[in-house]
>>> print(open('entry.cif').read())   # mmCIF, C-alpha atoms
data_model
loop_
_atom_site.label_atom_id
_atom_site.label_comp_id
_atom_site.auth_asym_id
_atom_site.auth_seq_id
_atom_site.Cartn_x
_atom_site.Cartn_y
_atom_site.Cartn_z
CA ASP R 26 -18.04 183.87 -78.16
CA GLN R 27 -17.19 181.97 -81.30
CA GLN R 28 -18.37 184.05 -84.20
CA VAL R 29 -17.62 181.33 -86.74
CA LYS R 30 -18.58 177.79 -85.85
CA GLN R 31 -17.81 174.50 -87.50
CA ASN R 32 -19.74 172.04 -85.40
CA SER R 33 -18.40 168.87 -87.00
CA PRO R 34 -14.81 168.26 -85.96
CA SER R 35 -14.48 165.41 -88.45
CA LEU R 36 -16.12 163.90 -91.51
CA SER R 37 -15.46 160.65 -93.38
CA VAL R 38 -16.59 160.20 -96.97
CA GLN R 39 -16.11 157.50 -99.57
CA GLU R 40 -14.03 158.39 -102.60
CA GLY R 41 -16.23 159.62 -105.45
CA ARG R 42 -19.08 160.71 -103.17
CA ILE R 43 -20.00 164.22 -102.13
CA SER R 44 -18.40 165.88 -99.10
CA ILE R 45 -20.43 168.59 -97.39
CA LEU R 46 -18.75 170.76 -94.81
CA ASN R 47 -20.84 173.19 -92.82
CA CYS R 48 -20.18 176.52 -91.16
CA ASP R 49 -22.36 178.88 -89.12
CA TYR R 50 -21.65 182.47 -88.16
CA THR R 51 -23.18 184.93 -85.75
CA ASN R 52 -21.76 188.32 -86.75
CA SER R 53 -24.08 190.15 -89.16
CA MET R 54 -21.21 192.41 -90.20
CA PHE R 55 -19.44 189.59 -92.02
CA ASP R 56 -19.70 190.14 -95.73
CA TYR R 57 -17.07 187.84 -97.20
CA PHE R 58 -16.58 184.17 -96.52
CA LEU R 59 -13.67 181.91 -97.35
CA TRP R 60 -12.70 178.29 -97.12
CA TYR R 61 -9.13 177.25 -96.46
CA LYS R 62 -7.62 173.80 -96.67
CA LYS R 63 -4.77 172.74 -94.41
CA TYR R 64 -2.49 169.74 -94.58
CA PRO R 65 -0.46 168.71 -91.50
CA ALA R 66 2.68 170.81 -90.93
CA GLU R 67 1.67 173.28 -93.65
CA GLY R 68 -0.04 176.65 -93.67
CA PRO R 69 -3.69 177.06 -94.69
CA THR R 70 -4.25 177.29 -98.44
CA PHE R 71 -7.04 179.40 -99.89
CA LEU R 72 -9.68 177.28 -101.60
CA ILE R 73 -12.77 179.28 -102.51
CA SER R 74 -14.69 182.32 -101.33
CA ILE R 75 -18.07 183.96 -101.61
CA SER R 76 -19.35 187.48 -101.19
CA SER R 77 -22.52 188.15 -99.22
CA ILE R 78 -24.21 189.44 -102.38
CA LYS R 79 -24.11 185.94 -103.85
CA ASP R 80 -25.58 182.65 -102.72
CA LYS R 81 -23.35 180.30 -104.68
CA ASN R 82 -19.83 180.20 -106.06
CA GLU R 83 -18.37 177.31 -107.97
CA ASP R 84 -14.79 176.41 -108.86
CA GLY R 85 -14.28 173.01 -110.39
CA ARG R 86 -15.16 170.33 -107.87
CA PHE R 87 -15.72 172.90 -105.13
CA THR R 88 -18.93 174.85 -104.57
CA VAL R 89 -19.71 177.16 -101.69
CA PHE R 90 -23.31 177.98 -100.80
CA LEU R 91 -24.31 180.91 -98.62
CA ASN R 92 -27.63 181.29 -96.81
CA LYS R 93 -27.52 184.77 -95.30
CA SER R 94 -30.85 184.56 -93.52
CA ALA R 95 -29.70 181.41 -91.72
CA LYS R 96 -26.14 182.71 -91.32
CA HIS R 97 -24.93 179.44 -92.75
CA LEU R 98 -22.54 178.41 -95.46
CA SER R 99 -21.43 175.07 -96.77
CA LEU R 100 -18.66 173.70 -98.94
CA HIS R 101 -19.48 170.89 -101.34
CA ILE R 102 -16.75 168.77 -102.87
CA VAL R 103 -17.85 166.56 -105.75
CA PRO R 104 -16.46 164.04 -106.41
CA SER R 105 -14.33 163.63 -103.30
CA GLN R 106 -10.78 162.40 -103.83
CA PRO R 107 -8.25 160.97 -101.34
CA GLY R 108 -6.08 164.06 -101.86
CA ASP R 109 -8.90 166.15 -100.43
CA SER R 110 -8.22 164.65 -97.00
CA ALA R 111 -7.22 167.66 -94.88
CA VAL R 112 -8.57 170.08 -92.31
CA TYR R 113 -10.97 172.62 -93.77
CA PHE R 114 -11.34 176.01 -92.13
CA CYS R 115 -14.22 178.36 -92.67
CA ALA R 116 -13.34 182.05 -92.30
CA ALA R 117 -15.25 185.31 -92.47
CA THR R 118 -14.43 188.98 -92.68
CA PRO R 119 -16.37 192.20 -92.42
CA TYR R 120 -15.57 195.20 -94.50
CA SER R 121 -13.64 197.07 -91.86
CA GLY R 122 -13.09 200.20 -93.89
CA ALA R 123 -9.44 200.23 -92.91
CA GLY R 124 -8.43 197.73 -95.54
CA SER R 125 -7.34 195.18 -93.02
CA TYR R 126 -9.93 192.47 -93.81
CA GLN R 127 -9.35 190.66 -90.57
CA LEU R 128 -10.28 186.98 -90.87
CA THR R 129 -12.18 185.16 -88.13
CA PHE R 130 -11.72 181.42 -88.41
CA GLY R 131 -13.77 178.44 -87.34
CA LYS R 132 -12.16 175.57 -85.54
CA GLY R 133 -11.89 173.42 -88.63
CA THR R 134 -13.35 170.12 -89.86
CA LYS R 135 -11.05 167.22 -90.59
CA LEU R 136 -12.14 165.52 -93.80
CA SER R 137 -11.05 161.97 -94.50
CA VAL R 138 -11.77 160.60 -97.96
CA ILE R 139 -11.65 156.82 -97.94
CA PRO R 140 -10.41 155.13 -101.12
CA ASP F 49 10.13 180.60 -105.17
CA THR F 50 8.14 180.26 -101.93
CA ALA F 51 5.45 182.94 -101.69
CA VAL F 52 5.37 183.37 -97.90
CA SER F 53 8.26 181.95 -95.91
CA GLN F 54 8.87 181.76 -92.19
CA THR F 55 11.97 180.97 -90.17
CA PRO F 56 12.51 178.99 -88.13
CA LYS F 57 10.03 176.19 -88.75
CA TYR F 58 10.55 174.79 -85.25
CA LEU F 59 11.60 176.66 -82.14
CA VAL F 60 12.17 175.05 -78.75
CA THR F 61 13.22 177.35 -75.94
CA GLN F 62 13.17 177.89 -72.21
CA MET F 63 10.74 180.07 -70.27
CA GLY F 64 11.96 183.61 -69.87
CA ASN F 65 13.95 183.69 -73.10
CA ASP F 66 13.47 186.21 -75.91
CA LYS F 67 13.00 184.91 -79.43
CA SER F 68 12.13 186.17 -82.91
CA ILE F 69 10.28 184.63 -85.83
CA LYS F 70 10.88 186.02 -89.30
CA CYS F 71 8.44 186.26 -92.17
CA GLU F 72 9.04 187.27 -95.77
CA GLN F 73 6.68 187.44 -98.73
CA ASN F 74 7.75 187.82 -102.35
CA LEU F 75 4.27 188.50 -103.69
CA GLY F 76 4.44 192.29 -103.58
CA HIS F 77 1.51 192.44 -101.16
CA ASP F 78 0.89 195.49 -99.03
CA THR F 79 -0.70 193.80 -96.01
CA MET F 80 0.83 191.18 -93.74
CA TYR F 81 -0.51 189.36 -90.70
CA TRP F 82 0.49 187.23 -87.74
CA TYR F 83 -1.90 184.51 -86.55
CA LYS F 84 -1.64 182.16 -83.59
CA GLN F 85 -3.04 178.63 -83.63
CA ASP F 86 -3.34 177.44 -80.07
CA SER F 87 -3.74 173.96 -78.62
CA LYS F 88 -7.48 174.09 -79.30
CA LYS F 89 -6.64 174.61 -82.98
CA PHE F 90 -8.22 178.06 -83.22
CA LEU F 91 -6.50 180.38 -85.68
CA LYS F 92 -6.60 183.88 -84.25
CA ILE F 93 -5.36 187.16 -85.65
CA MET F 94 -2.63 188.84 -83.63
CA PHE F 95 -1.37 191.72 -85.77
CA SER F 96 -1.83 193.24 -89.18
CA TYR F 97 0.50 195.61 -90.97
CA ASN F 98 -0.28 197.60 -94.08
CA ASN F 99 2.67 199.22 -95.84
CA LYS F 100 4.78 198.92 -92.68
CA GLU F 101 2.09 200.48 -90.49
CA LEU F 102 0.26 198.63 -87.74
CA ILE F 103 -3.49 198.50 -88.41
CA ILE F 104 -4.66 195.65 -86.19
CA ASN F 105 -3.38 194.85 -82.76
CA GLU F 106 -5.63 192.34 -81.08
CA THR F 107 -5.53 191.70 -77.35
CA VAL F 108 -2.03 190.34 -77.31
CA PRO F 109 0.40 190.73 -74.39
CA ASN F 110 2.88 193.52 -74.99
CA ARG F 111 5.63 190.93 -74.74
CA PHE F 112 4.80 190.35 -78.41
CA SER F 113 6.11 193.05 -80.71
CA PRO F 114 5.82 192.94 -84.49
CA LYS F 115 8.41 194.74 -86.58
CA SER F 116 8.14 195.52 -90.27
CA PRO F 117 11.45 196.74 -91.69
CA ASP F 118 9.93 196.90 -95.18
CA LYS F 119 6.77 195.90 -97.02
CA ALA F 120 8.01 192.38 -97.68
CA HIS F 121 8.92 191.50 -94.10
CA LEU F 122 6.98 191.21 -90.86
CA ASN F 123 8.90 189.78 -87.95
CA LEU F 124 7.54 188.81 -84.55
CA HIS F 125 9.63 189.31 -81.45
CA ILE F 126 8.56 187.70 -78.17
CA ASN F 127 10.04 188.74 -74.84
CA SER F 128 10.06 186.71 -71.62
CA LEU F 129 8.50 183.62 -73.16
CA GLU F 130 5.86 181.80 -71.12
CA LEU F 131 4.54 178.24 -71.27
CA GLY F 132 1.24 179.52 -72.70
CA ASP F 133 3.06 180.97 -75.69
CA SER F 134 3.55 177.46 -77.05
CA ALA F 135 1.59 177.37 -80.29
CA VAL F 136 1.95 177.45 -84.05
CA TYR F 137 2.44 180.96 -85.42
CA PHE F 138 1.44 181.68 -89.00
CA CYS F 139 2.40 184.65 -91.09
CA ALA F 140 0.15 185.66 -93.99
CA SER F 141 -0.02 188.34 -96.66
CA ARG F 142 -2.87 189.73 -98.70
CA SER F 143 -3.42 191.48 -101.98
CA THR F 144 -7.14 191.38 -102.73
CA LYS F 145 -9.92 191.23 -100.18
CA GLU F 146 -10.60 187.56 -100.44
CA THR F 147 -7.21 185.92 -100.46
CA GLN F 148 -4.64 185.71 -97.71
CA TYR F 149 -1.59 183.59 -98.42
CA PHE F 150 -0.18 181.78 -95.42
CA GLY F 151 3.33 180.71 -94.56
CA PRO F 152 4.11 177.16 -93.41
CA GLY F 153 3.99 178.07 -89.72
CA THR F 154 6.50 178.18 -86.88
CA ARG F 155 5.99 175.62 -84.14
CA LEU F 156 7.05 177.20 -80.87
CA LEU F 157 7.49 175.06 -77.77
CA VAL F 158 8.32 176.76 -74.49
CA LEU F 159 9.73 174.46 -71.80
#
>>> encode(input="entry.cif", output="structure tokens")
Amino acid sequence: DQQVKQNSPSLSVQEGRISILNCDYTNSMFDYFLWYKKYPAEGPTFLISISSIKDKNEDGRFTVFLNKSAKHLSLHIVPSQPGDSAVYFCAATPYSGAGSYQLTFGKGTKLSVIP
Amino acid sequence: DTAVSQTPKYLVTQMGNDKSIKCEQNLGHDTMYWYKQDSKKFLKIMFSYNNKELIINETVPNRFSPKSPDKAHLNLHINSLELGDSAVYFCASRSTKETQYFGPGTRLLVL
């Protein structure tokens, strides 16, 4: 019963082109969505987030789009750089009311940016 | 000036042993977490502490016991280690709703 799904385990993109990573969720209680980036042998690093009241959030080369009706979000990286090569995790959290903001993660997508 | 640190980074031990993993954050955050990343690469919440009080305890065997001596520390003690406990364990802390800061992980291998 995966509540957050990243159906593409891997993605290869040419340097300078756009990378699009996708994420689907099933739990309607999720109201905050995050993307984390993870290099080998390191912990996940927060990248960008979006609240369910928005449909787009942009930070430099990174943009996250949210389609609530489709329960789908995507991360766009433009232009892609070799240093972006990492595993990207999508995560979601409901407002629990207890202040815990428990994150549910997808399985991750490994992005390889080819020079 | 590491924000979230974990020790040890690697832990190799025999079945049946008891071991502890330590976590410290110097960010002044009130909430700390333990996550487990299993062989299928899923990151799953195990525990959450807020101001030294347990607020999440997912379906985790009671061989796992978190301990928070103060707001900056959340340690994980594991009794009677089993082969299935082999995984990477991540500690995290949170200030605002959207950002959890993760430690580098502890790679546990049970032989």
>>> closest_atom_pairs(input="entry.cif", of="chain F", to="chain R", cutoff="8 Å", atoms="only C-alpha atoms", output="tab-separated table")
residue	atom	partner	partner_atom	distance
F:Thr79	CA	R:Ser125	CA	7.4
F:Lys88	CA	R:Lys132	CA	7.9
F:Lys89	CA	R:Lys132	CA	6.2
F:Phe90	CA	R:Lys132	CA	5.2
F:Leu91	CA	R:Phe130	CA	6.0
F:Lys92	CA	R:Thr129	CA	6.9
F:Ile93	CA	R:Leu128	CA	7.2
F:Ser96	CA	R:Ser125	CA	7.0
F:Asn98	CA	R:Ser125	CA	7.5
F:Ile103	CA	R:Ser125	CA	6.9
F:Ile104	CA	R:Ser125	CA	7.4
F:Phe138	CA	R:Gly68	CA	7.0
F:Lys145	CA	R:Tyr126	CA	6.5
F:Glu146	CA	R:Ser74	CA	6.7
F:Thr147	CA	R:Phe71	CA	6.5
F:Gln148	CA	R:Phe71	CA	7.1
F:Tyr149	CA	R:Thr70	CA	6.8
F:Phe150	CA	R:Gly68	CA	5.4
F:Gly151	CA	R:Gly68	CA	5.4
F:Pro152	CA	R:Gly68	CA	4.2
F:Gly153	CA	R:Gly68	CA	5.8
>>> closest_residue(input="entry.cif", among="F:Leu131, F:Ser53, F:Met94, F:Cys71", to="Ser113 of chain F", atoms="all atoms listed in the file")
F:Met94
>>> resolve_selection(input="entry.cif", expression="the PyMOL selection byres ((chain F and resi 157) around 12)", output="short mmCIF file (atom, residue, chain, number, x, y, z; two decimals) with C-alpha atoms, in the coordinates of the input")
data_model
loop_
_atom_site.label_atom_id
_atom_site.label_comp_id
_atom_site.auth_asym_id
_atom_site.auth_seq_id
_atom_site.Cartn_x
_atom_site.Cartn_y
_atom_site.Cartn_z
CA LYS F 57 10.03 176.19 -88.75
CA TYR F 58 10.55 174.79 -85.25
CA LEU F 59 11.60 176.66 -82.14
CA VAL F 60 12.17 175.05 -78.75
CA THR F 61 13.22 177.35 -75.94
CA GLN F 62 13.17 177.89 -72.21
CA MET F 63 10.74 180.07 -70.27
CA ASN F 65 13.95 183.69 -73.10
CA LYS F 67 13.00 184.91 -79.43
CA ASP F 86 -3.34 177.44 -80.07
CA SER F 87 -3.74 173.96 -78.62
CA LEU F 129 8.50 183.62 -73.16
CA GLU F 130 5.86 181.80 -71.12
CA LEU F 131 4.54 178.24 -71.27
CA GLY F 132 1.24 179.52 -72.70
CA ASP F 133 3.06 180.97 -75.69
CA SER F 134 3.55 177.46 -77.05
CA ALA F 135 1.59 177.37 -80.29
CA VAL F 136 1.95 177.45 -84.05
CA TYR F 137 2.44 180.96 -85.42
CA THR F 154 6.50 178.18 -86.88
CA ARG F 155 5.99 175.62 -84.14
CA LEU F 156 7.05 177.20 -80.87
CA VAL F 158 8.32 176.76 -74.49
CA LEU F 159 9.73 174.46 -71.80
#
>>> atom_distance(input="entry.cif", atom1="atom CA of Met80 of chain F", atom2="atom CA of Asp56 of chain R")
20.7 Å
>>> residues_around(input="entry.cif", residues="Thr88 of chain R", least_positions_apart="4", cutoff="9 Å", atoms="all atoms listed in the file", output="list in words")
Ile73, Lys81, Asn82, Glu83, Asp84, Ser99, Leu100, His101, Ile102 and Val103 of chain R
>>> atom_distance(input="entry.cif", atom1="atom CA of Asp49 of chain R", atom2="atom CA of Val29 of chain R")
5.8 Å
>>> resolve_selection(input="entry.cif", expression="the PyMOL selection byres ((chain F and resi 111) around 7)", output="MDAnalysis selection string")
chainID F and resid 109:110 112:113 126:128
>>> resolve_selection(input="entry.cif", expression="the PyMOL selection byres ((chain R and resi 44) around 9)", output="JSON, numbers by chain")
{"R": [36, 37, 38, 39, 42, 43, 45, 46, 100, 101, 102, 103, 104, 105, 136, 138]}
>>> write_last_selection(input="entry.cif", atoms="C-alpha atoms", output="PDB file, in the coordinates of the input")
ATOM      1  CA  LEU R  36     -16.120 163.900 -91.510  1.00  0.00           C
ATOM      2  CA  SER R  37     -15.460 160.650 -93.380  1.00  0.00           C
ATOM      3  CA  VAL R  38     -16.590 160.200 -96.970  1.00  0.00           C
ATOM      4  CA  GLN R  39     -16.110 157.500 -99.570  1.00  0.00           C
ATOM      5  CA  ARG R  42     -19.080 160.710-103.170  1.00  0.00           C
ATOM      6  CA  ILE R  43     -20.000 164.220-102.130  1.00  0.00           C
ATOM      7  CA  ILE R  45     -20.430 168.590 -97.390  1.00  0.00           C
ATOM      8  CA  LEU R  46     -18.750 170.760 -94.810  1.00  0.00           C
ATOM      9  CA  LEU R 100     -18.660 173.700 -98.940  1.00  0.00           C
ATOM     10  CA  HIS R 101     -19.480 170.890-101.340  1.00  0.00           C
ATOM     11  CA  ILE R 102     -16.750 168.770-102.870  1.00  0.00           C
ATOM     12  CA  VAL R 103     -17.850 166.560-105.750  1.00  0.00           C
ATOM     13  CA  PRO R 104     -16.460 164.040-106.410  1.00  0.00           C
ATOM     14  CA  SER R 105     -14.330 163.630-103.300  1.00  0.00           C
ATOM     15  CA  LEU R 136     -12.140 165.520 -93.800  1.00  0.00           C
ATOM     16  CA  VAL R 138     -11.770 160.600 -97.960  1.00  0.00           C
TER      17      VAL R 138
END
>>> closest_residue(input="entry.cif", among="F:Thr55, F:Ala120, F:Thr107, F:Cys139", to="Leu75 of chain F", atoms="all atoms listed in the file")
F:Ala120
>>> atom_distance(input="entry.cif", atom1="atom CA of Ala51 of chain F", atom2="atom CA of Ser143 of chain F")
12.3 Å
>>> closest_residue(input="entry.cif", among="F:Ile69, F:Phe95, F:Gln54, F:His77", to="His125 of chain F", atoms="all atoms listed in the file")
F:Ile69
>>> residues_around(input="entry.cif", residues="Asn52 of chain R", least_positions_apart="4", cutoff="9 Å", atoms="all atoms listed in the file", output="list in words")
Gln28, Val29, Lys96 and Pro119 of chain R
>>> decode(input="entry.cif", residues="segment 30-103 of chain R", atoms="C-alpha atoms", output="mmCIF file, in the first residue's frame")
data_model
loop_
_atom_site.group_PDB
_atom_site.id
_atom_site.type_symbol
_atom_site.label_atom_id
_atom_site.label_comp_id
_atom_site.auth_asym_id
_atom_site.auth_seq_id
_atom_site.Cartn_x
_atom_site.Cartn_y
_atom_site.Cartn_z
ATOM 1 C CA LYS R 30 4.870 6.260 -5.791
ATOM 2 C CA GLN R 31 7.778 7.094 -8.025
ATOM 3 C CA ASN R 32 7.288 4.758 -10.937
ATOM 4 C CA SER R 33 10.566 5.504 -12.718
ATOM 5 C CA PRO R 34 13.475 3.962 -10.855
ATOM 6 C CA SER R 35 15.963 5.750 -13.096
ATOM 7 C CA LEU R 36 16.254 8.589 -15.592
ATOM 8 C CA SER R 37 19.107 9.659 -17.873
ATOM 9 C CA VAL R 38 19.275 13.175 -19.265
ATOM 10 C CA GLN R 39 21.818 15.082 -21.317
ATOM 11 C CA GLU R 40 23.549 17.989 -19.618
ATOM 12 C CA GLY R 41 21.730 21.253 -20.303
ATOM 13 C CA ARG R 42 18.389 19.587 -21.018
ATOM 14 C CA ILE R 43 15.365 19.413 -18.763
ATOM 15 C CA SER R 44 14.961 16.633 -16.190
ATOM 16 C CA ILE R 45 11.401 15.769 -15.193
ATOM 17 C CA LEU R 46 10.859 13.522 -12.213
ATOM 18 C CA ASN R 47 7.360 12.327 -11.436
ATOM 19 C CA CYS R 48 5.535 11.335 -8.280
ATOM 20 C CA ASP R 49 2.001 10.091 -7.611
ATOM 21 C CA TYR R 50 0.211 9.830 -4.288
ATOM 22 C CA THR R 51 -2.964 8.168 -3.101
ATOM 23 C CA ASN R 52 -3.659 9.691 0.317
ATOM 24 C CA SER R 53 -6.024 12.673 0.062
ATOM 25 C CA MET R 54 -4.916 13.833 3.510
ATOM 26 C CA PHE R 55 -1.477 14.814 2.243
ATOM 27 C CA ASP R 56 -1.206 18.568 2.155
ATOM 28 C CA TYR R 57 2.520 19.220 1.876
ATOM 29 C CA PHE R 58 4.936 17.736 -0.610
ATOM 30 C CA LEU R 59 8.706 17.753 -0.632
ATOM 31 C CA TRP R 60 11.566 16.662 -2.817
ATOM 32 C CA TYR R 61 14.808 15.411 -1.339
ATOM 33 C CA LYS R 62 18.065 14.719 -3.095
ATOM 34 C CA LYS R 63 20.414 11.989 -1.927
ATOM 35 C CA TYR R 64 24.005 11.271 -2.851
ATOM 36 C CA PRO R 65 25.516 7.841 -2.094
ATOM 37 C CA ALA R 66 26.580 7.372 1.543
ATOM 38 C CA GLU R 67 24.921 10.644 2.577
ATOM 39 C CA GLY R 68 21.599 11.555 4.125
ATOM 40 C CA PRO R 69 18.751 13.037 2.072
ATOM 41 C CA THR R 70 18.986 16.792 1.548
ATOM 42 C CA PHE R 71 15.884 18.953 1.309
ATOM 43 C CA LEU R 72 15.479 20.472 -2.146
ATOM 44 C CA ILE R 73 12.088 22.114 -2.600
ATOM 45 C CA SER R 74 8.540 21.816 -1.321
ATOM 46 C CA ILE R 75 5.008 22.807 -2.189
ATOM 47 C CA SER R 76 1.832 23.279 -0.211
ATOM 48 C CA SER R 77 -1.445 21.855 -1.472
ATOM 49 C CA ILE R 78 -2.835 25.388 -1.827
ATOM 50 C CA LYS R 79 -0.360 26.066 -4.625
ATOM 51 C CA ASP R 80 0.209 24.452 -7.989
ATOM 52 C CA LYS R 81 3.758 25.622 -8.606
ATOM 53 C CA ASN R 82 6.845 26.539 -6.625
ATOM 54 C CA GLU R 83 10.105 27.637 -8.139
ATOM 55 C CA ASP R 84 13.601 27.910 -6.698
ATOM 56 C CA GLY R 85 16.353 28.634 -9.160
ATOM 57 C CA ARG R 86 16.715 25.725 -11.555
ATOM 58 C CA PHE R 87 14.169 23.660 -9.647
ATOM 59 C CA THR R 88 10.401 23.874 -10.074
ATOM 60 C CA VAL R 89 7.798 21.653 -8.497
ATOM 61 C CA PHE R 90 4.331 21.353 -10.014
ATOM 62 C CA LEU R 91 1.340 19.965 -8.152
ATOM 63 C CA ASN R 92 -1.847 18.657 -9.760
ATOM 64 C CA LYS R 93 -4.159 17.905 -6.842
ATOM 65 C CA SER R 94 -6.999 16.498 -8.908
ATOM 66 C CA ALA R 95 -4.630 13.967 -10.467
ATOM 67 C CA LYS R 96 -2.722 13.453 -7.203
ATOM 68 C CA HIS R 97 0.461 14.023 -9.123
ATOM 69 C CA LEU R 98 3.517 16.169 -8.691
ATOM 70 C CA SER R 99 6.647 16.628 -10.722
ATOM 71 C CA LEU R 100 10.075 18.143 -10.266
ATOM 72 C CA HIS R 101 11.629 19.981 -13.183
ATOM 73 C CA ILE R 102 15.336 20.715 -13.277
ATOM 74 C CA VAL R 103 16.421 23.175 -15.952
#
